[in-house]
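K.L.:
As input, take final-v9.cif (mmCIF, C-alpha atoms):
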```cif
data_work
loop_
_atom_site.label_atom_id
_atom_site.label_comp_id
_atom_site.auth_asym_id
_atom_site.auth_seq_id
_atom_site.Cartn_x
_atom_site.Cartn_y
_atom_site.Cartn_z
CA MET A 1 0.00 0.00 0.00
CA PRO A 2 1.47 3.40 -0.92
CA PHE A 3 2.60 5.66 1.85
CA ASP A 4 0.24 8.63 1.99
CA GLN A 5 -0.19 11.85 3.93
CA LEU A 6 -2.22 10.16 6.63
CA ASP A 7 0.52 7.58 7.15
CA LEU A 8 3.01 10.41 7.33
CA LYS A 9 1.03 12.12 10.09
CA ARG A 10 0.77 8.87 11.97
CA ALA A 11 4.49 8.20 11.59
CA ILE A 12 5.27 11.66 12.95
CA LEU A 13 3.09 10.84 15.96
CA GLY A 14 5.16 7.69 16.55
CA ASP A 15 2.84 5.06 15.11
CA GLU A 16 5.06 2.03 14.56
CA ARG A 17 2.91 0.54 11.82
CA ALA A 18 3.01 3.73 9.79
CA MET A 19 6.76 4.00 10.30
CA ARG A 20 7.24 0.41 9.25
CA ARG A 21 5.16 0.98 6.13
CA LEU A 22 7.36 3.95 5.26
CA TRP A 23 10.50 1.88 5.83
CA SER A 24 9.22 -1.11 3.84
CA GLN A 25 8.44 1.06 0.87
CA HIS A 26 11.68 3.02 0.77
CA ALA A 27 14.32 0.84 2.41
CA PRO A 28 15.28 -1.05 -0.76
CA HIS A 29 16.29 2.16 -2.52
CA ILE A 30 17.61 4.05 0.49
CA ASP A 31 19.67 1.11 1.73
CA ALA A 32 21.00 0.45 -1.77
CA VAL A 33 22.59 3.88 -2.01
CA VAL A 34 24.07 3.47 1.47
CA ARG A 35 25.49 0.07 0.53
CA ARG A 36 27.00 1.37 -2.71
CA LEU A 37 28.58 4.40 -1.09
CA CYS A 38 30.07 2.32 1.74
CA GLY A 39 31.30 -0.61 -0.27
CA ASP A 40 31.26 -2.66 2.95
CA PRO A 41 28.01 -4.44 3.88
CA GLU A 42 28.61 -4.43 7.64
CA LEU A 43 29.49 -0.77 7.74
CA ALA A 44 26.54 -0.08 5.45
CA ALA A 45 24.15 -1.84 7.84
CA ASP A 46 25.34 0.32 10.73
CA ILE A 47 25.11 3.51 8.74
CA SER A 48 21.70 2.54 7.41
CA GLN A 49 20.38 2.46 10.97
CA GLU A 50 21.66 5.99 11.48
CA VAL A 51 20.11 7.06 8.21
CA TRP A 52 16.69 5.72 9.19
CA MET A 53 16.87 7.32 12.61
CA GLN A 54 17.65 10.62 10.93
CA ILE A 55 14.76 10.19 8.51
CA PHE A 56 12.33 9.51 11.37
CA ARG A 57 13.70 12.40 13.41
CA ALA A 58 13.35 14.74 10.46
CA LEU A 59 9.84 13.63 9.46
CA PRO A 60 8.14 16.68 11.02
CA SER A 61 10.27 18.90 8.79
CA TYR A 62 9.16 17.17 5.57
CA ARG A 63 6.99 19.73 3.79
CA GLY A 64 6.03 17.70 0.76
CA ASP A 65 7.88 20.00 -1.65
CA SER A 66 9.45 16.96 -3.28
CA GLN A 67 8.65 13.28 -3.42
CA PHE A 68 9.16 11.63 -0.08
CA GLY A 69 11.64 9.19 -1.65
CA THR A 70 13.72 12.04 -3.05
CA TRP A 71 13.73 13.82 0.30
CA ALA A 72 14.72 10.66 2.18
CA HIS A 73 17.34 9.82 -0.44
CA ARG A 74 19.01 13.15 0.11
CA ILE A 75 19.17 12.49 3.84
CA ALA A 76 20.65 9.05 3.15
CA VAL A 77 23.42 10.44 0.96
CA ASN A 78 24.28 13.25 3.38
CA ARG A 79 24.24 11.02 6.40
CA THR A 80 26.30 8.32 4.73
CA LEU A 81 28.95 10.69 3.46
CA ASN A 82 29.13 12.34 6.89
CA ALA A 83 29.53 8.95 8.54
CA LEU A 84 32.25 7.98 6.09
CA ARG A 85 34.02 11.23 6.72
CA LYS A 86 33.86 10.63 10.43
CA ILE A 87 35.61 7.32 10.11
CA ARG A 88 38.15 8.97 7.88
CA ARG A 89 37.36 7.01 4.77
CA ILE A 90 36.41 10.08 2.82
CA ALA A 91 39.28 12.05 4.30
CA LYS A 92 41.52 10.43 1.73
CA LEU A 93 39.34 11.78 -1.05
CA GLU A 94 40.76 15.29 -1.10
CA ILE A 95 44.30 13.92 -1.16
CA GLU A 96 43.45 11.49 -3.93
CA ILE A 97 41.83 14.18 -5.99
CA GLU A 98 44.82 16.45 -5.58
CA ASP A 99 47.02 13.51 -6.53
CA ASP A 100 44.74 13.01 -9.53
CA SER A 101 44.55 9.29 -8.86
CA ALA A 102 41.40 7.23 -8.53
CA ILE A 103 43.15 3.91 -8.34
CA THR A 104 44.56 2.90 -5.02
CA GLU A 105 45.33 -0.74 -5.54
CA ASN A 106 48.81 -1.95 -6.36
CA ASP A 107 49.90 -3.49 -9.62
CA SER A 108 48.86 -7.00 -8.69
CA ASP A 109 45.24 -5.83 -8.56
CA ARG A 110 45.29 -4.78 -12.17
CA THR A 111 44.43 -8.30 -13.18
CA PHE A 112 41.62 -8.59 -10.61
CA MET A 113 38.38 -9.64 -12.25
CA ALA A 114 35.24 -8.55 -10.44
CA GLU A 115 32.31 -10.94 -10.45
CA SER A 116 29.82 -8.09 -10.27
CA ILE A 117 29.75 -4.34 -10.52
CA GLU A 118 29.19 -4.19 -6.77
CA GLN A 119 32.42 -6.06 -6.24
CA ALA A 120 34.16 -3.89 -8.79
CA MET A 121 32.97 -0.73 -7.08
CA GLY A 122 34.55 -2.06 -3.93
CA LYS A 123 37.91 -1.85 -5.68
CA LEU A 124 37.54 1.88 -6.28
CA SER A 125 38.86 4.39 -3.82
CA PRO A 126 36.14 5.80 -1.52
CA GLY A 127 36.14 9.14 -3.32
CA ALA A 128 35.99 7.68 -6.81
CA ARG A 129 33.26 5.27 -5.69
CA ALA A 130 31.21 8.13 -4.23
CA VAL A 131 31.47 10.12 -7.45
CA PHE A 132 30.65 7.10 -9.60
CA VAL A 133 27.66 6.02 -7.46
CA LEU A 134 26.22 9.50 -7.20
CA HIS A 135 26.65 10.35 -10.88
CA ASP A 136 26.15 7.15 -12.80
CA ILE A 137 23.72 5.32 -10.53
CA GLU A 138 21.92 7.99 -8.56
CA GLY A 139 21.81 10.62 -11.28
CA TYR A 140 23.47 13.54 -9.50
CA THR A 141 25.07 16.28 -11.57
CA HIS A 142 28.75 17.09 -11.16
CA GLY A 143 27.72 20.37 -9.52
CA GLU A 144 25.61 18.53 -6.94
CA ILE A 145 28.38 16.02 -6.33
CA GLY A 146 30.82 18.87 -5.86
CA GLU A 147 28.58 20.34 -3.17
CA GLU A 148 28.15 17.01 -1.42
CA LEU A 149 31.82 16.10 -1.45
CA GLY A 150 33.33 19.54 -1.21
CA ILE A 151 35.15 19.29 -4.53
CA THR A 152 34.90 21.14 -7.81
CA PRO A 153 32.72 19.90 -10.66
CA GLY A 154 35.93 19.41 -12.63
CA GLY A 155 37.33 17.22 -9.88
CA SER A 156 34.15 15.20 -9.94
CA LYS A 157 34.39 14.69 -13.71
CA SER A 158 37.97 13.62 -13.40
CA GLN A 159 37.17 11.09 -10.71
CA LEU A 160 34.28 9.72 -12.74
CA PHE A 161 36.48 9.28 -15.80
CA LYS A 162 39.04 7.33 -13.81
CA ALA A 163 36.42 5.29 -11.98
CA ARG A 164 34.77 4.25 -15.23
CA ALA A 165 38.09 3.36 -16.78
CA LYS A 166 38.87 1.06 -13.90
CA LEU A 167 35.42 -0.52 -13.93
CA ARG A 168 35.67 -1.18 -17.68
CA LYS A 169 38.82 -3.07 -16.99
CA LEU A 170 37.59 -4.96 -13.94
CA LEU A 171 34.41 -6.04 -15.65
CA ALA A 172 35.84 -6.86 -19.07
CA HIS A 173 35.45 -10.61 -18.56
CA LEU A 174 31.69 -10.23 -18.23
CA VAL A 175 31.41 -9.65 -21.96
CA ASP A 176 31.40 -12.58 -24.35
CA GLU A 177 34.72 -12.55 -26.09
CA SER A 178 34.84 -12.46 -29.84
CA PRO A 179 36.99 -10.38 -32.19
CA THR A 180 33.98 -8.30 -33.16
CA VAL A 181 32.86 -7.74 -29.61
CA ALA A 182 36.22 -6.91 -28.23
CA GLY A 183 37.06 -4.68 -31.13
CA LYS A 184 33.80 -2.74 -31.51
CA GLY A 185 32.44 -2.94 -28.01
CA LYS A 186 29.03 -4.30 -28.91
CA GLY A 187 29.28 -7.68 -27.24
CA HIS A 188 26.65 -9.28 -25.10
CA VAL A 189 26.85 -8.29 -21.48
CA ALA A 190 26.44 -11.30 -19.28
CA SER A 191 24.08 -11.22 -16.36
CA VAL A 192 25.74 -9.42 -13.47
CA MET B 1 43.83 -10.76 -2.98
CA ASN B 2 42.06 -12.83 -5.56
CA HIS B 3 44.10 -15.71 -6.88
CA GLN B 4 41.42 -17.41 -8.94
CA PRO B 5 41.77 -18.31 -12.56
CA SER B 6 39.97 -15.11 -13.40
CA GLN B 7 43.16 -13.27 -12.66
CA GLU B 8 44.89 -15.29 -15.30
CA ARG B 9 42.10 -14.61 -17.74
CA GLY B 10 42.37 -10.96 -17.00
CA LYS B 11 45.90 -10.63 -18.15
CA ASP B 12 44.94 -10.68 -21.78
CA MET B 13 41.46 -9.24 -21.36
CA SER B 14 40.57 -5.95 -23.01
CA HIS B 15 38.42 -3.19 -21.55
CA LEU B 16 34.66 -2.98 -21.78
CA SER B 17 33.37 -0.31 -24.06
CA GLU B 18 31.62 2.70 -22.51
CA GLU B 19 28.31 1.40 -23.87
CA GLN B 20 28.81 -1.99 -22.30
CA LEU B 21 29.62 -0.41 -18.97
CA ASP B 22 26.48 1.72 -19.27
CA GLN B 23 24.49 -1.47 -19.84
CA ILE B 24 25.88 -3.00 -16.66
CA ILE B 25 25.21 0.21 -14.74
CA ALA B 26 21.62 0.23 -15.96
CA VAL B 27 21.15 -3.31 -14.67
CA GLU B 28 22.69 -2.36 -11.34
CA ARG B 29 20.52 0.74 -11.07
CA SER B 30 17.33 -1.29 -11.38
CA ARG B 31 18.47 -4.21 -9.27
CA GLU B 32 16.21 -4.85 -6.30
CA GLN B 33 18.11 -5.22 -3.06
CA GLU B 34 17.08 -6.40 0.35
CA PRO B 35 17.10 -3.84 3.18
CA LEU B 36 20.31 -3.86 5.18
CA ASN B 37 18.54 -4.33 8.50
CA GLU B 38 15.43 -5.99 9.78
CA TRP B 39 12.59 -3.77 10.90
CA ARG B 40 12.88 -4.94 14.50
CA THR B 41 16.44 -3.58 14.60
CA ILE B 42 15.31 -0.21 13.31
CA ALA B 43 12.25 -0.25 15.57
CA ALA B 44 14.36 -0.99 18.64
CA ARG B 45 16.51 2.04 17.93
CA ALA B 46 13.49 4.20 17.25
CA ARG B 47 11.89 3.04 20.47
CA GLU B 48 15.05 3.84 22.43
CA GLU B 49 14.98 7.36 21.06
CA GLY B 50 11.30 7.78 21.79
CA LEU B 51 10.44 8.04 18.11
CA ILE B 52 7.99 5.16 18.45
CA ARG B 53 5.34 5.86 21.03
CA GLU B 54 3.88 2.84 22.70
CA SER B 55 0.50 4.50 23.07
CA GLN B 56 0.41 4.77 19.28
CA SER B 57 1.76 1.35 18.45
CA SER B 58 0.31 -0.96 21.06
CA ARG B 59 -3.32 -0.07 21.09
CA PRO B 60 -5.48 -2.96 22.26
CA TRP B 61 -7.26 -3.16 18.92
CA SER B 62 -4.00 -3.52 17.06
CA SER B 63 -4.27 -5.86 14.09
CA SER B 64 -1.44 -7.87 15.63
CA GLN B 65 -3.85 -9.00 18.34
CA PRO B 66 -6.69 -10.70 16.51
CA TRP B 67 -8.27 -12.16 19.64
CA LEU B 68 -8.99 -8.65 20.86
CA GLN B 69 -10.57 -7.82 17.54
CA ALA B 70 -12.75 -10.88 17.83
CA ALA B 71 -13.73 -9.94 21.40
CA ALA B 72 -14.55 -6.42 20.29
CA ALA B 73 -16.59 -7.82 17.43
CA ILE B 74 -18.66 -10.00 19.74
CA LEU B 75 -19.17 -7.11 22.13
CA LEU B 76 -20.29 -4.94 19.26
CA LEU B 77 -22.68 -7.55 17.95
CA ILE B 78 -24.32 -7.99 21.35
CA GLY B 79 -24.36 -4.22 21.87
CA GLY B 80 -25.83 -3.71 18.43
CA ILE B 81 -28.61 -6.17 19.09
CA ALA B 82 -29.36 -4.50 22.41
CA ILE B 83 -29.43 -1.07 20.80
CA GLY B 84 -31.61 -2.41 18.05
CA ARG B 85 -34.14 -3.83 20.47
CA THR B 86 -34.17 -0.58 22.42
CA THR B 87 -34.59 1.42 19.22
CA ILE B 88 -37.81 -0.36 18.43
CA ALA B 89 -38.92 -0.43 22.08
CA LEU B 90 -38.65 -4.19 22.50
CA PRO B 91 -37.00 -6.13 25.30
CA SER B 92 -33.36 -6.80 24.72
CA ALA B 93 -32.58 -9.91 22.77
CA LEU B 94 -30.57 -11.44 25.53
CA GLU B 95 -33.23 -10.71 28.12
CA SER B 96 -35.91 -12.03 25.81
CA SER B 97 -33.92 -15.09 25.03
CA ALA B 98 -33.63 -15.86 28.73
CA THR B 99 -37.30 -15.08 29.29
CA ASN B 100 -38.37 -17.27 26.41
CA THR B 101 -36.79 -20.30 27.96
CA ALA B 102 -38.84 -19.90 31.13
CA ALA B 103 -42.09 -18.26 30.18
CA ALA B 104 -44.20 -17.02 27.32
CA PRO B 105 -43.78 -13.39 26.18
CA THR B 106 -45.63 -10.79 28.21
CA PRO B 107 -48.67 -9.26 26.58
CA SER B 108 -47.13 -5.79 26.68
CA ALA B 109 -44.23 -6.73 24.45
CA PRO B 110 -44.40 -8.19 20.98
CA PRO B 111 -43.02 -11.70 20.57
CA ILE B 112 -39.37 -12.00 19.66
CA SER B 113 -38.88 -12.83 16.04
CA PRO B 114 -37.09 -16.04 15.07
CA ALA B 115 -34.40 -13.92 13.42
CA ALA B 116 -33.70 -12.05 16.64
CA ASN B 117 -33.56 -15.29 18.53
CA ARG B 118 -31.14 -16.70 16.00
CA ALA B 119 -28.95 -13.62 16.33
CA ALA B 120 -28.95 -13.80 20.11
CA ALA B 121 -28.22 -17.50 20.08
CA THR B 122 -25.46 -17.01 17.56
CA ALA B 123 -23.87 -14.34 19.73
CA GLY B 124 -23.58 -16.79 22.57
CA THR B 125 -22.60 -19.97 20.81
CA ALA B 126 -20.95 -19.02 17.53
CA SER B 127 -17.65 -20.64 16.71
CA PHE B 128 -15.50 -19.51 13.82
CA ALA B 129 -12.62 -21.16 12.06
CA SER B 130 -10.68 -17.93 11.73
CA VAL B 131 -10.69 -14.24 12.56
CA ASP B 132 -11.44 -13.51 8.90
CA GLU B 133 -14.50 -15.72 9.05
CA ALA B 134 -15.64 -13.98 12.24
CA ALA B 135 -15.01 -10.58 10.69
CA ASP B 136 -17.07 -11.55 7.63
CA ALA B 137 -19.89 -12.68 9.88
CA LEU B 138 -19.66 -9.43 11.82
CA ASN B 139 -19.81 -7.33 8.67
CA ARG B 140 -22.83 -9.27 7.47
CA ALA B 141 -24.47 -8.79 10.87
CA VAL B 142 -23.85 -5.04 10.82
CA LEU B 143 -25.39 -4.72 7.37
CA GLU B 144 -28.30 -6.92 8.36
CA TYR B 145 -28.78 -4.85 11.51
CA GLN B 146 -28.79 -1.62 9.54
CA ARG B 147 -31.31 -2.94 7.05
CA ALA B 148 -33.53 -4.33 9.81
CA SER B 149 -33.38 -1.09 11.80
CA GLN B 150 -34.40 0.94 8.80
CA TYR B 151 -37.20 -1.43 7.88
CA ILE B 152 -38.60 -1.54 11.42
CA ALA B 153 -38.34 2.21 11.79
CA ALA B 154 -40.33 2.64 8.61
CA SER B 155 -42.90 -0.07 9.32
CA ASN B 156 -43.46 -0.47 13.03
CA THR B 157 -46.07 1.85 14.48
CA THR B 158 -47.38 -0.33 17.27
CA THR B 159 -45.27 0.96 20.13
CA ARG B 160 -45.31 4.69 19.55
CA THR B 161 -46.46 6.94 22.34
CA THR B 162 -47.27 10.62 22.52
CA ASP B 163 -43.88 11.57 23.87
CA SER B 164 -42.07 9.58 21.18
CA ALA B 165 -41.23 12.64 19.09
CA GLU B 166 -39.27 14.26 21.89
CA TYR B 167 -37.77 10.93 22.86
CA TYR B 168 -36.49 10.14 19.34
CA SER B 169 -35.29 13.71 18.79
CA ALA B 170 -33.10 13.41 21.88
CA ARG B 171 -31.79 10.10 20.64
CA ALA B 172 -31.10 11.49 17.17
CA ALA B 173 -29.13 14.34 18.72
CA ALA B 174 -27.10 11.88 20.79
CA LEU B 175 -26.43 9.72 17.75
CA ASP B 176 -25.32 12.80 15.80
CA LYS B 177 -22.71 13.43 18.47
CA ILE B 178 -21.53 9.83 18.33
CA VAL B 179 -21.28 9.95 14.54
CA ASN B 180 -19.28 13.18 14.75
CA ALA B 181 -16.97 11.67 17.36
CA THR B 182 -16.38 8.46 15.41
CA GLU B 183 -15.88 10.40 12.16
CA SER B 184 -13.28 12.49 13.92
CA ALA B 185 -11.60 9.37 15.30
CA LEU B 186 -11.54 7.83 11.82
CA GLN B 187 -9.49 10.78 10.59
CA THR B 188 -6.73 9.57 12.88
CA ALA B 189 -7.36 5.85 12.71
CA PRO B 190 -9.13 5.12 9.41
CA HIS B 191 -8.49 1.38 9.55
CA ASP B 192 -9.43 0.81 13.15
CA PRO B 193 -12.01 -2.00 13.20
CA VAL B 194 -13.80 -1.04 16.42
CA ILE B 195 -14.28 2.60 15.46
CA ASN B 196 -15.42 1.57 11.99
CA GLN B 197 -17.96 -0.85 13.38
CA TYR B 198 -19.31 1.67 15.88
CA TYR B 199 -19.48 4.25 13.14
CA LEU B 200 -21.47 1.96 10.88
CA ALA B 201 -23.78 0.79 13.65
CA THR B 202 -24.39 4.38 14.78
CA MET B 203 -25.06 5.51 11.23
CA GLY B 204 -27.67 2.75 10.90
CA ALA B 205 -29.30 3.70 14.19
CA ARG B 206 -29.27 7.38 13.24
CA VAL B 207 -31.02 6.74 9.94
CA ALA B 208 -33.66 4.68 11.72
CA THR B 209 -34.11 7.29 14.43
CA ARG B 210 -34.41 10.13 11.96
CA GLN B 211 -37.12 8.24 10.16
CA MET B 212 -38.94 7.88 13.48
CA VAL B 213 -38.53 11.59 14.14
CA ALA B 214 -39.86 12.38 10.68
CA VAL B 215 -42.88 10.15 11.21
CA GLY B 216 -43.38 11.69 14.67
CA SER B 217 -43.33 15.21 13.30
CA ARG B 218 -46.20 14.23 11.03
CA GLY B 219 -48.14 13.27 14.16
CA PHE B 220 -47.75 10.25 16.43
#
```
Could you write out this structure as structure tokens?

P.N.:
Amino acid sequence: MPFDQLDLKRAILGDERAMRRLWSQHAPHIDAVVRRLCGDPELAADISQEVWMQIFRALPSYRGDSQFGTWAHRIAVNRTLNALRKIRRIAKLEIEIEDDSAITENDSDRTFMAESIEQAMGKLSPGARAVFVLHDIEGYTHGEIGEELGITPGGSKSQLFKARAKLRKLLAHLVDESPTVAGKGKGHVASV
Amino acid sequence: MNHQPSQERGKDMSHLSEEQLDQIIAVERSREQEPLNEWRTIAARAREEGLIRESQSSRPWSSSQPWLQAAAAILLLIGGIAIGRTTIALPSALESSATNTAAAPTPSAPPISPAANRAAATAGTASFASVDEAADALNRAVLEYQRASQYIAASNTTTRTTDSAEYYSARAAALDKIVNATESALQTAPHDPVINQYYLATMGARVATRQMVAVGSRGF
């Protein structure tokens, strides 16, 4: 059943059933962005709890100017990035950007083949992963990413370029190999 | 470090094209994922912080406690029958049922109909296989009660007295207040079964009473 204004009022008043309905409807998407940004399922589960607490705390301030999912999604991204900063995972981002390097693994990792894009994203540096997730999966603009991460739009573009280059390499084995496919890039993408 | 054969394969593997990567991203974007936590974990945190209020989440008519719903339903059915008998100035069904087992009906009161007896007997002895079955029976009973109340109000003229107009007007006013109160409660708890049932029963009684008032105004 869709979450409506009446449910929202009831959730604000502390009605558990209304809150659960809200969570059931939006958790798959909200938790997905948390998981992708973290790259670590256990950490993501902890941060997701914080995210949901923040969403429930902030419910009275939701004015309905945007879709509820959009509003909650924004909280999830902010809260997750803040949490990552706190544990100093994002702290490396500024250094990496200044170093102009999105790839942190050593040479032996160059031959690593990811079994899924989720696994491949885990091989990106936290900063490059954040830019990639926000831009390519969540649809943020480089300007918005710059505001979220405290970098310039140019820095965001640069990180995205490097992140995609690494992912193309890590996921190359997922494409059926044939001279035509490898050469022209129109091969069949296997189920990921 | 991954030492699987895939590493070996990767040594002479080329890159994906941008389009192929976009395809994979599109699949990932639409991939359904399970929530990271169970609701009870989130709820426990919310409860700790006072975001979940017990008074809101543990009401006795909560759908998680079907036996209370069933009890409320039985209470409502008995109450509805009693109100119905009072509405048409007959002895209560339960009282009549008890009386009928010991003695014949008094001359001052009409005999209890077989249907009323069946309803009273059902209230005492009914057994249901499930809460859903009981709820269906309750809904049918409420509708039946409403129809019967309206029919009797329109047809029964045998028990009216000269002060009936004032009597029914007072009752109509009281029922108006109950309807307003239950309507207001439904704004907050639209799915609550007890409030819904009272609302429906009161609406039925109000319609019947208004018909009596209308008849009375034309001269009892």

K.L.:
I'd like the contact shell of Ala76 in chain A - 10 Å cut-off, only C-alpha atoms, skipping same-chain residues fewer than 2 positions apart - returned as a ChimeraX atom specification.

P.N.:
/A:29-34,47-48,50-52,54-55,70-74,78-82

K.L.:
Could you write those residues out with C-alpha atoms, as a PDB file, keeping the file's coordinate frame?

P.N.:
```pdb
ATOM      1  CA  HIS A  29      16.290   2.160  -2.520  1.00  0.00           C
ATOM      2  CA  ILE A  30      17.610   4.050   0.490  1.00  0.00           C
ATOM      3  CA  ASP A  31      19.670   1.110   1.730  1.00  0.00           C
ATOM      4  CA  ALA A  32      21.000   0.450  -1.770  1.00  0.00           C
ATOM      5  CA  VAL A  33      22.590   3.880  -2.010  1.00  0.00           C
ATOM      6  CA  VAL A  34      24.070   3.470   1.470  1.00  0.00           C
ATOM      7  CA  ILE A  47      25.110   3.510   8.740  1.00  0.00           C
ATOM      8  CA  SER A  48      21.700   2.540   7.410  1.00  0.00           C
ATOM      9  CA  GLU A  50      21.660   5.990  11.480  1.00  0.00           C
ATOM     10  CA  VAL A  51      20.110   7.060   8.210  1.00  0.00           C
ATOM     11  CA  TRP A  52      16.690   5.720   9.190  1.00  0.00           C
ATOM     12  CA  GLN A  54      17.650  10.620  10.930  1.00  0.00           C
ATOM     13  CA  ILE A  55      14.760  10.190   8.510  1.00  0.00           C
ATOM     14  CA  THR A  70      13.720  12.040  -3.050  1.00  0.00           C
ATOM     15  CA  TRP A  71      13.730  13.820   0.300  1.00  0.00           C
ATOM     16  CA  ALA A  72      14.720  10.660   2.180  1.00  0.00           C
ATOM     17  CA  HIS A  73      17.340   9.820  -0.440  1.00  0.00           C
ATOM     18  CA  ARG A  74      19.010  13.150   0.110  1.00  0.00           C
ATOM     19  CA  ASN A  78      24.280  13.250   3.380  1.00  0.00           C
ATOM     20  CA  ARG A  79      24.240  11.020   6.400  1.00  0.00           C
ATOM     21  CA  THR A  80      26.300   8.320   4.730  1.00  0.00           C
ATOM     22  CA  LEU A  81      28.950  10.690   3.460  1.00  0.00           C
ATOM     23  CA  ASN A  82      29.130  12.340   6.890  1.00  0.00           C
TER      24      ASN A  82
END
```

K.L.:
Name the closest residue to Gly69 in chain A among the candidates A:Gln119, A:Gln25, A:Gln5, A:Thr141; distances are taken between atoms, counting all atoms listed in the file.

P.N.:
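Distance minimum relative to Gly69 in chain A lands on A:Gln25.
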
K.L.:
I'd like the interatomic distance between CA of Gly146 in chain A and CA of Leu134 in chain A, to a tenth of an Å.

P.N.:
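It comes out at 10.5 Å.
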
K.L.:
Could you tell me, as a list in words, exactly which residues end up selected when the PyMOL selection byres ((chain A and resi 128) around 8) is applied to this structure?

P.N.:
Leu93, Ala102, Leu124, Ser125, Pro126, Gly127, Arg129, Ala130, Val131, Phe132, Gln159, Leu160, Lys162 and Ala163 of chain A

K.L.:
Between CA of Val131 in chain B and CA of Tyr198 in chain B, what distance in Å does the model show, to one decimal?

P.N.:
18.4 Å

K.L.:
What's the separation between CA of Asp22 in chain B and CA of Ile117 in chain A, in Å to one decimal place?

P.N.:
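If I compute the distance from CA of Asp22 in chain B to CA of Ile117 in chain A, I get 11.1 Å.
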
K.L.:
For chain B, which residue among A:His142, A:Arg63, A:Arg57, A:His135 is the nearest when counting all atoms listed in the file?

P.N.:
A:Arg57

K.L.:
Choose the residue, out of A:Ser116, A:Ser66, A:Thr152, A:Ser61, that has the smallest atom-to-atom separation from chain B; count only C-alpha atoms.

P.N.:
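Smallest separation from chain B among the options: A:Ser116.
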
K.L.:
Starting from the PyMOL selection byres ((chain B and resi 51) around 9), expand the selection into actual residues of this file and give them as a VMD selection string.

P.N.:
(chain A and resid 11 to 16 53 56 to 57) or (chain B and resid 43 45 to 50 52 to 53)

K.L.:
When distances are computed from all atoms listed in the file, which of B:Arg147, B:Ala135, B:Thr188, B:Ala214 shows the smallest separation from chain A?

P.N.:
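Of the candidates, the smallest distance to chain A is held by B:Thr188.
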